[in-house]
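Source file final.cif; content: mmCIF, C-alpha atoms.
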data_coords
loop_
_atom_site.label_atom_id
_atom_site.label_comp_id
_atom_site.auth_asym_id
_atom_site.auth_seq_id
_atom_site.Cartn_x
_atom_site.Cartn_y
_atom_site.Cartn_z
CA MET L 1 -52.55 13.84 -68.55
CA GLN L 2 -53.02 10.08 -68.33
CA LYS L 3 -56.47 9.23 -66.92
CA ILE L 4 -55.74 5.66 -65.74
CA THR L 5 -52.44 4.85 -64.04
CA PRO L 6 -51.28 1.37 -62.98
CA PHE L 7 -50.48 1.35 -59.25
CA LEU L 8 -48.06 -1.39 -58.18
CA TRP L 9 -47.92 -2.78 -54.63
CA PHE L 10 -44.62 -4.08 -53.32
CA ASP L 11 -43.74 -5.65 -49.98
CA LYS L 12 -40.61 -3.61 -49.18
CA ASN L 13 -38.70 -3.47 -52.48
CA ALA L 14 -40.51 -0.81 -54.55
CA GLU L 15 -37.38 1.31 -54.93
CA GLU L 16 -35.35 -1.64 -56.25
CA ALA L 17 -38.14 -2.52 -58.68
CA ILE L 18 -38.58 1.03 -59.94
CA LYS L 19 -34.84 1.37 -60.60
CA PHE L 20 -34.88 -2.03 -62.36
CA TYR L 21 -37.77 -1.08 -64.67
CA VAL L 22 -36.39 2.40 -65.44
CA SER L 23 -33.03 0.83 -66.37
CA ILE L 24 -34.71 -1.44 -68.95
CA PHE L 25 -37.02 0.97 -70.78
CA LYS L 26 -35.26 3.71 -72.72
CA LYS L 27 -37.69 6.64 -72.38
CA SER L 28 -38.15 6.29 -68.64
CA LYS L 29 -37.58 8.23 -65.44
CA ILE L 30 -38.41 8.45 -61.77
CA LYS L 31 -40.62 11.51 -61.28
CA SER L 32 -41.11 11.55 -57.51
CA ILE L 33 -40.65 9.50 -54.35
CA LYS L 34 -42.36 10.14 -51.02
CA ARG L 35 -41.20 8.02 -48.10
CA TYR L 36 -42.83 6.88 -44.88
CA SER L 37 -41.77 9.22 -42.09
CA GLU L 38 -39.51 8.16 -39.26
CA GLY L 39 -40.86 7.06 -35.89
CA HIS L 40 -44.62 7.51 -36.35
CA LEU L 41 -45.68 4.16 -37.75
CA THR L 42 -47.49 1.55 -35.68
CA GLY L 43 -49.41 -1.64 -36.30
CA PRO L 44 -48.92 -3.31 -39.68
CA MET L 45 -46.87 -0.37 -41.00
CA GLU L 46 -44.33 -0.51 -38.18
CA GLY L 47 -40.83 -0.92 -39.57
CA MET L 48 -41.65 0.75 -42.90
CA GLU L 49 -39.83 3.98 -42.04
CA GLY L 50 -37.87 5.22 -45.04
CA LYS L 51 -39.64 2.86 -47.45
CA ILE L 52 -41.70 4.20 -50.36
CA LEU L 53 -45.12 5.56 -49.42
CA THR L 54 -45.75 6.60 -53.02
CA ALA L 55 -43.56 6.89 -56.07
CA VAL L 56 -44.35 8.07 -59.58
CA PHE L 57 -42.27 6.85 -62.50
CA GLU L 58 -42.55 6.62 -66.28
CA LEU L 59 -41.81 3.72 -68.60
CA GLU L 60 -41.79 4.69 -72.28
CA GLY L 61 -43.78 7.79 -71.38
CA ARG L 62 -46.50 5.82 -69.52
CA GLU L 63 -46.93 6.83 -65.89
CA PHE L 64 -46.97 4.26 -63.07
CA MET L 65 -47.26 4.60 -59.31
CA ALA L 66 -45.87 2.30 -56.65
CA LEU L 67 -45.71 1.83 -52.90
CA ASP L 68 -44.20 -0.42 -50.29
CA GLY L 69 -47.32 -1.74 -48.58
CA GLY L 70 -46.03 -4.82 -46.83
CA PRO L 71 -46.77 -8.49 -47.46
CA PHE L 72 -50.57 -8.17 -47.62
CA PHE L 73 -51.03 -8.27 -51.41
CA LYS L 74 -49.02 -10.11 -54.07
CA PRO L 75 -48.94 -9.58 -57.84
CA THR L 76 -51.11 -11.93 -59.88
CA GLY L 77 -50.70 -13.20 -63.42
CA ALA L 78 -54.29 -12.13 -64.08
CA VAL L 79 -52.85 -8.66 -64.79
CA SER L 80 -49.91 -8.23 -67.14
CA PHE L 81 -48.04 -5.52 -69.00
CA TYR L 82 -48.00 -5.95 -72.79
CA ILE L 83 -44.89 -4.87 -74.70
CA GLU L 84 -45.34 -4.69 -78.47
CA CYS L 85 -41.98 -5.36 -80.13
CA LYS L 86 -41.08 -4.44 -83.70
CA THR L 87 -38.23 -6.93 -84.17
CA GLN L 88 -36.84 -10.18 -82.81
CA LYS L 89 -33.92 -8.18 -81.40
CA GLU L 90 -36.39 -6.13 -79.36
CA VAL L 91 -38.22 -9.29 -78.18
CA ASP L 92 -34.88 -10.77 -77.15
CA TYR L 93 -33.83 -7.60 -75.28
CA TYR L 94 -36.99 -7.28 -73.18
CA TRP L 95 -37.21 -11.02 -72.59
CA GLU L 96 -33.64 -11.23 -71.31
CA LYS L 97 -33.93 -8.16 -69.08
CA LEU L 98 -37.37 -8.78 -67.59
CA SER L 99 -37.05 -12.54 -67.10
CA ALA L 100 -33.74 -12.22 -65.19
CA GLY L 101 -34.41 -13.57 -61.70
CA GLY L 102 -38.06 -14.35 -62.48
CA ASP L 103 -39.82 -17.69 -62.28
CA PRO L 104 -38.96 -19.79 -65.38
CA LYS L 105 -42.07 -21.92 -64.76
CA SER L 106 -44.22 -18.87 -65.51
CA GLN L 107 -42.80 -18.46 -69.02
CA GLN L 108 -45.19 -19.48 -71.79
CA CYS L 109 -46.30 -18.06 -75.16
CA GLY L 110 -44.47 -14.75 -74.72
CA TRP L 111 -45.51 -14.32 -71.07
CA LEU L 112 -42.99 -14.08 -68.25
CA GLN L 113 -42.94 -13.17 -64.59
CA ASP L 114 -40.22 -10.79 -63.42
CA LYS L 115 -38.28 -11.10 -60.17
CA PHE L 116 -40.85 -8.92 -58.39
CA GLY L 117 -43.74 -11.20 -59.38
CA PHE L 118 -45.26 -8.98 -62.08
CA SER L 119 -46.28 -10.52 -65.41
CA TRP L 120 -45.21 -9.18 -68.80
CA GLN L 121 -46.14 -10.14 -72.33
CA VAL L 122 -43.23 -9.63 -74.74
CA ILE L 123 -45.01 -9.88 -78.07
CA PRO L 124 -43.88 -9.19 -81.64
CA LYS L 125 -46.23 -6.82 -83.49
CA ASP L 126 -46.60 -9.46 -86.24
CA LEU L 127 -48.12 -12.07 -83.92
CA PRO L 128 -51.76 -10.91 -84.21
CA ARG L 129 -51.43 -10.83 -88.01
CA LEU L 130 -50.06 -14.38 -88.08
CA LEU L 131 -52.69 -15.68 -85.65
CA ASN L 132 -55.53 -14.00 -87.56
CA ASN L 133 -54.56 -15.30 -90.99
CA LYS L 134 -57.64 -15.71 -93.20
CA ASP L 135 -56.35 -19.18 -94.01
CA LYS L 136 -57.52 -20.98 -90.86
CA GLU L 137 -55.08 -23.86 -91.37
CA LYS L 138 -52.11 -21.46 -91.43
CA ALA L 139 -53.43 -19.61 -88.38
CA ASP L 140 -53.81 -22.93 -86.54
CA LYS L 141 -50.21 -23.89 -87.39
CA VAL L 142 -48.98 -20.58 -86.01
CA MET L 143 -50.99 -21.15 -82.82
CA GLN L 144 -49.59 -24.66 -82.40
CA ALA L 145 -46.04 -23.36 -82.90
CA MET L 146 -46.59 -20.54 -80.41
CA LEU L 147 -47.99 -22.89 -77.75
CA LYS L 148 -44.63 -24.73 -77.73
CA MET L 149 -42.65 -21.51 -77.12
CA LYS L 150 -41.63 -19.65 -74.04
CA LYS L 151 -40.09 -16.59 -75.73
CA ILE L 152 -41.73 -15.87 -79.08
CA ILE L 153 -39.48 -16.52 -82.09
CA ILE L 154 -40.89 -14.63 -85.09
CA LYS L 155 -39.01 -16.69 -87.69
CA ASP L 156 -40.44 -19.94 -86.31
CA LEU L 157 -43.99 -18.55 -86.43
CA GLU L 158 -43.54 -17.37 -90.00
CA GLU L 159 -42.16 -20.78 -90.98
CA ALA L 160 -45.15 -22.50 -89.33
CA ALA L 161 -47.49 -20.29 -91.39
CA GLU L 162 -45.75 -21.38 -94.60
CA GLU L 163 -45.75 -25.15 -93.95
#
How does this structure look as structure tokens?
Amino acid sequence: MQKITPFLWFDKNAEEAIKFYVSIFKKSKIKSIKRYSEGHLTGPMEGMEGKILTAVFELEGREFMALDGGPFFKPTGAVSFYIECKTQKEVDYYWEKLSAGGDPKSQQCGWLQDKFGFSWQVIPKDLPRLLNNKDKEKADKVMQAMLKMKKIIIKDLEEAAEE
């Protein structure tokens, strides 16, 4: 059992988001959905009938929860989901899928914001090695190259390290 589970707050589009995320990550599934009941909601929850009260889903075997809570809280870039990618092809896949419909102005150094406002880091597994090179000059060149990127291009970082 997973001890800590990310819990995502959505305005009224949790179901759309869950289906979007599950379609992107290969080992993923929706485990359960509980909806707000009909006709008993008042105050700020009025009009939420049929929306998601709680949902449990898995992405790559990691459990998440979600709810439609209304417009009271928005995602923040201070929290992000880190995807370690083995190859450039994998970086390209996740970048293309997760950035679709997101804010292009939020893309920098492997970070992106998806169309639901959540932040993701799409990072090649070799990046920490390149940034932590014992040769400080090479590490600095990699950092400078990365700072110019939106999506991380492994080949360009490796070339920067060899200059």
Non-local contacts of L:Pro6 (10 Å; all atoms listed in the file; under 2 positions in same chain excluded) as a ChimeraX atom specification:
/L:4,8-9,62-66,81
Residues from the last selection, C-alpha atoms, saved as a compact mmCIF listing (two decimals), in the frame of the given file:
# COMPACT_ATOMS: atom_id res chain seq x y z
CA ILE L 4 -55.74 5.66 -65.74
CA LEU L 8 -48.06 -1.39 -58.18
CA TRP L 9 -47.92 -2.78 -54.63
CA ARG L 62 -46.50 5.82 -69.52
CA GLU L 63 -46.93 6.83 -65.89
CA PHE L 64 -46.97 4.26 -63.07
CA MET L 65 -47.26 4.60 -59.31
CA ALA L 66 -45.87 2.30 -56.65
CA PHE L 81 -48.04 -5.52 -69.00
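The space separating atom CA of L:Lys155 from atom CA of L:Gln88 comes to 8.4 Å.
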Residues returned when the PyMOL selection byres ((chain L and resi 141) around 10) runs on this file, as a ChimeraX atom specification
/L:130-131,136-140,142-147,157-163
Residues in the PyMOL selection byres ((chain L and resi 23-29) around 7), expressed as an MDAnalysis selection string
chainID L and resid 19:22 30:31 57:61 97
Residue IDs satisfying the PyMOL selection byres ((chain L and resi 119-124) around 7), as a PyMOL selection string:
chain L and resi 77+79-87+91+94-95+110-114+117-118+125-127+152
